[in-house]
file upload24.txt (compact mmCIF, C-alpha atoms)
# COMPACT_ATOMS: atom_id res chain seq x y z
CA THR Q 1 -50.03 54.18 31.07
CA PHE Q 2 -51.50 57.55 30.14
CA VAL Q 3 -53.74 57.88 27.13
CA PRO Q 4 -53.31 61.17 25.26
CA VAL Q 5 -56.67 62.89 24.96
CA GLY Q 6 -57.35 64.86 21.79
CA LEU Q 7 -53.90 64.38 20.29
CA SER Q 8 -54.97 63.88 16.69
CA GLY Q 9 -52.00 65.69 15.17
CA PRO Q 10 -49.17 68.14 15.78
CA ARG Q 11 -49.96 70.92 18.22
CA ALA Q 12 -47.16 73.30 17.33
CA VAL Q 13 -49.66 76.08 16.65
CA ALA Q 14 -52.11 76.82 19.43
CA ASP Q 15 -54.65 78.82 17.43
CA THR Q 16 -57.38 76.25 18.09
CA ASP Q 17 -57.03 76.57 21.86
CA GLY Q 18 -59.00 79.82 21.98
CA PRO Q 19 -58.00 83.08 23.66
CA TYR Q 20 -55.63 83.11 26.61
CA LEU Q 21 -57.48 83.22 29.93
CA LEU Q 22 -55.82 84.99 32.86
CA TYR Q 23 -54.79 83.01 35.92
CA SER Q 24 -53.15 83.51 39.31
CA GLY Q 25 -49.54 84.65 38.97
CA ASP Q 26 -49.98 86.47 35.66
CA LYS Q 27 -48.58 90.01 35.67
CA LEU Q 28 -50.59 92.64 33.82
CA ARG Q 29 -49.65 96.13 32.69
CA ILE Q 30 -52.74 98.30 33.04
CA PHE Q 31 -52.74 101.80 31.58
CA VAL Q 32 -55.52 104.28 32.28
CA TYR Q 33 -55.04 107.32 30.05
CA GLY Q 34 -54.57 110.48 32.10
CA GLN Q 35 -54.50 108.55 35.40
CA PRO Q 36 -50.86 107.85 36.36
CA ASN Q 37 -51.85 106.67 39.86
CA LEU Q 38 -53.94 103.85 38.34
CA SER Q 39 -51.46 102.90 35.60
CA ARG Q 40 -49.03 100.24 36.79
CA VAL Q 41 -48.23 96.50 36.83
CA TYR Q 42 -50.71 94.32 38.71
CA THR Q 43 -50.35 90.64 39.63
CA VAL Q 44 -53.36 88.33 39.61
CA ASP Q 45 -53.50 87.07 43.21
CA HIS Q 46 -54.01 83.52 44.46
CA ASP Q 47 -57.79 83.95 44.47
CA GLY Q 48 -57.84 85.34 40.91
CA TRP Q 49 -58.29 89.06 41.61
CA ILE Q 50 -56.34 92.29 41.11
CA THR Q 51 -56.83 95.34 43.33
CA VAL Q 52 -57.11 98.66 41.52
CA PRO Q 53 -57.11 101.97 43.42
CA LEU Q 54 -60.54 103.63 43.62
CA ILE Q 55 -62.51 100.56 42.47
CA GLY Q 56 -60.97 97.84 44.65
CA ALA Q 57 -60.91 94.15 43.74
CA VAL Q 58 -61.60 93.16 40.14
CA LYS Q 59 -61.96 89.52 39.07
CA ALA Q 60 -59.27 88.57 36.57
CA ARG Q 61 -58.93 84.77 36.65
CA GLY Q 62 -60.69 82.95 33.83
CA ILE Q 63 -61.25 85.97 31.59
CA THR Q 64 -59.30 87.57 28.74
CA THR Q 65 -57.33 90.81 28.95
CA PHE Q 66 -60.04 92.33 26.72
CA ASP Q 67 -62.78 91.34 29.21
CA LEU Q 68 -60.72 92.73 32.11
CA GLU Q 69 -60.23 95.99 30.21
CA HIS Q 70 -64.01 96.38 29.87
CA SER Q 71 -64.64 95.48 33.51
CA ILE Q 72 -62.17 98.11 34.76
CA LYS Q 73 -63.50 100.69 32.29
CA ARG Q 74 -67.09 100.07 33.46
CA LYS Q 75 -66.22 100.31 37.17
CA LEU Q 76 -64.07 103.43 36.78
CA GLY Q 77 -66.62 105.13 34.52
CA SER Q 78 -69.54 104.51 36.86
CA GLN Q 79 -68.21 106.90 39.55
CA TYR Q 80 -64.61 108.01 39.28
CA VAL Q 81 -63.29 108.78 35.78
CA LYS Q 82 -65.29 110.34 32.97
CA ASP Q 83 -65.02 108.19 29.81
CA PRO Q 84 -61.94 106.20 30.92
CA HIS Q 85 -59.57 104.78 28.31
CA VAL Q 86 -58.10 101.53 29.67
CA THR Q 87 -55.53 99.18 28.14
CA VAL Q 88 -54.58 95.80 29.64
CA ASP Q 89 -51.48 94.00 28.33
CA MET Q 90 -49.63 90.91 29.52
CA GLN Q 91 -46.44 91.92 31.32
CA GLN Q 92 -45.45 88.35 32.18
CA ASN Q 93 -47.27 85.01 32.11
CA ARG Q 94 -47.03 82.71 35.07
CA PRO Q 95 -44.03 80.37 34.74
CA PHE Q 96 -43.86 76.76 33.59
CA PHE Q 97 -41.98 74.03 35.46
CA ILE Q 98 -39.83 71.23 34.10
CA LEU Q 99 -38.33 68.29 35.98
CA GLY Q 100 -36.95 64.85 35.44
CA GLU Q 101 -34.27 64.05 32.92
CA VAL Q 102 -33.27 67.54 31.76
CA ARG Q 103 -29.98 69.27 32.49
CA ASN Q 104 -31.43 72.16 34.53
CA GLY Q 105 -34.87 71.40 35.89
CA GLY Q 106 -36.82 74.14 37.63
CA GLN Q 107 -39.12 77.10 37.10
CA TYR Q 108 -38.78 79.20 33.93
CA PRO Q 109 -40.59 82.18 32.43
CA TYR Q 110 -43.20 81.14 29.89
CA VAL Q 111 -42.52 82.02 26.24
CA SER Q 112 -45.57 82.47 24.00
CA GLY Q 113 -46.15 79.59 21.58
CA MET Q 114 -43.60 77.27 23.19
CA THR Q 115 -43.67 73.53 22.60
CA VAL Q 116 -42.31 70.67 24.70
CA LYS Q 117 -39.15 70.73 22.56
CA THR Q 118 -38.69 74.47 23.27
CA ALA Q 119 -39.22 73.95 27.01
CA VAL Q 120 -36.58 71.18 27.09
CA ALA Q 121 -34.16 73.47 25.24
CA ILE Q 122 -34.77 76.25 27.79
CA ALA Q 123 -33.92 73.73 30.54
CA GLY Q 124 -30.55 72.96 28.91
CA GLY Q 125 -31.63 69.96 26.85
CA PHE Q 126 -32.17 66.32 27.73
CA SER Q 127 -29.86 64.59 30.20
CA GLU Q 128 -27.90 61.51 29.12
CA ARG Q 129 -30.51 59.23 30.69
CA ALA Q 130 -33.63 60.85 29.22
CA GLU Q 131 -36.22 58.90 27.27
CA GLU Q 132 -36.51 61.67 24.71
CA GLY Q 133 -39.87 60.64 23.30
CA ARG Q 134 -41.62 60.38 26.67
CA VAL Q 135 -42.79 63.59 28.32
CA GLU Q 136 -45.74 64.08 30.65
CA ILE Q 137 -47.55 67.41 31.05
CA THR Q 138 -49.56 68.14 34.18
CA ARG Q 139 -52.07 70.93 33.57
CA ARG Q 140 -54.96 72.40 35.54
CA VAL Q 141 -58.06 72.70 33.32
CA ASN Q 142 -61.23 74.16 34.87
CA GLY Q 143 -59.99 73.23 38.35
CA VAL Q 144 -59.19 69.63 37.37
CA ILE Q 145 -55.62 68.33 37.16
CA GLU Q 146 -54.92 66.52 33.87
CA ARG Q 147 -51.86 64.42 33.10
CA LEU Q 148 -51.04 63.69 29.48
CA GLU Q 149 -48.16 61.96 27.73
CA VAL Q 150 -47.41 64.24 24.82
CA PRO Q 151 -45.18 64.44 21.72
CA ASP Q 152 -42.38 66.99 21.53
CA ASP Q 153 -44.40 69.34 19.29
CA TYR Q 154 -47.23 69.65 21.84
CA VAL Q 155 -47.94 73.22 22.98
CA VAL Q 156 -46.94 74.14 26.55
CA LYS Q 157 -49.10 76.62 28.48
CA PRO Q 158 -48.24 78.86 31.43
CA GLY Q 159 -48.43 76.96 34.71
CA ASP Q 160 -47.76 73.56 33.09
CA THR Q 161 -45.40 71.09 34.74
CA LEU Q 162 -43.38 68.91 32.38
CA LYS Q 163 -41.73 65.68 33.44
CA VAL Q 164 -39.14 64.04 31.20
CA TYR Q 165 -38.91 60.33 31.96
CA GLU Q 166 -35.76 58.30 32.48
CA ARG Q 167 -35.07 55.48 30.04
CA PHE Q 168 -34.45 52.01 31.38
CA PHE Q 169 -32.00 49.58 29.78
call {"tool": "encode", "arguments": {"input": "upload24.txt", "output": "structure tokens"}}
result
Amino acid sequence: TFVPVGLSGPRAVADTDGPYLLYSGDKLRIFVYGQPNLSRVYTVDHDGWITVPLIGAVKARGITTFDLEHSIKRKLGSQYVKDPHVTVDMQQNRPFFILGEVRNGGQYPYVSGMTVKTAVAIAGGFSERAEEGRVEITRRVNGVIERLEVPDDYVVKPGDTLKVYERFF
């Protein structure tokens, strides 16, 4: 049996979770004003870095888009571009995964603010044999894998794996 940690109430709004931190697989749209060769979509690699022409590898995993913006601006401004204006936006979050007793399990694009109920709907709904009130989320937090049984209004994050259990009777 899994004991939910920190589930004191509904989690349909994730404003208490803090800012979104970048992770491997996230796609970022980076725009450097007046520098079309630097402005493009970058993917955070497996090790947590993006590679930007002129300045090379820049650490992205574990920081916000705002922090990454400042890091790129600082590196470009130190040698290559006078007073660079840099914007970093999310192009696409890494996907979430859902398996078990749903109609169409698999990998799906993450939708901001989604809950377990939303994720199940994206996967085609519960199967006939689903135990609708029993869902487990597997999530990596600071390098540690956590498994939680959660209610259907619990917030899903990019990279989560949801498992809908089968009912027995």
call {"tool": "residues_around", "arguments": {"input": "upload24.txt", "residues": "Q:Gly34", "least_positions_apart": "6", "cutoff": "10 Å", "atoms": "all atoms listed in the file", "output": "list in words"}}
result
Val81, Pro84, His85 and Val86 of chain Q
call {"tool": "atom_distance", "arguments": {"input": "upload24.txt", "atom1": "atom CA of Q:Ile98", "atom2": "atom CA of Q:Leu21"}}
result
21.7 Å
call {"tool": "atom_distance", "arguments": {"input": "upload24.txt", "atom1": "atom CA of Q:Gln92", "atom2": "atom CA of Q:Tyr42"}}
result
10.3 Å
call {"tool": "closest_residue", "arguments": {"input": "upload24.txt", "among": "Q:Val32, Q:Val135, Q:Glu146, Q:Phe96", "to": "Q:Ile72", "atoms": "only C-alpha atoms"}}
result
Q:Val32
call {"tool": "closest_residue", "arguments": {"input": "upload24.txt", "among": "Q:Asp26, Q:Asp153, Q:Glu128, Q:Asp89", "to": "Q:Gly62", "atoms": "only C-alpha atoms"}}
result
Q:Asp26
call {"tool": "residues_around", "arguments": {"input": "upload24.txt", "residues": "Q:Asp67", "least_positions_apart": "6", "cutoff": "10 Å", "atoms": "only C-alpha atoms", "output": "list in words"}}
result
Leu21, Ala60, Lys73 and Val88 of chain Q
call {"tool": "atom_distance", "arguments": {"input": "upload24.txt", "atom1": "atom CA of Q:Lys59", "atom2": "atom CA of Q:Leu162"}}
result
28.5 Å
call {"tool": "closest_residue", "arguments": {"input": "upload24.txt", "among": "Q:Glu131, Q:Glu149, Q:Phe126, Q:Gln91", "to": "Q:Phe168", "atoms": "all atoms listed in the file"}}
result
Q:Glu131
call {"tool": "residues_around", "arguments": {"input": "upload24.txt", "residues": "Q:Thr118", "least_positions_apart": "3", "cutoff": "9 Å", "atoms": "all atoms listed in the file", "output": "list in words"}}
result
Val111, Met114, Thr115, Ala121, Ile122, Ala123, Asp152, Asp153 and Val156 of chain Q
call {"tool": "closest_residue", "arguments": {"input": "upload24.txt", "among": "Q:Leu68, Q:Val141, Q:Val44, Q:Val58", "to": "Q:Lys27", "atoms": "all atoms listed in the file"}}
result
Q:Val44
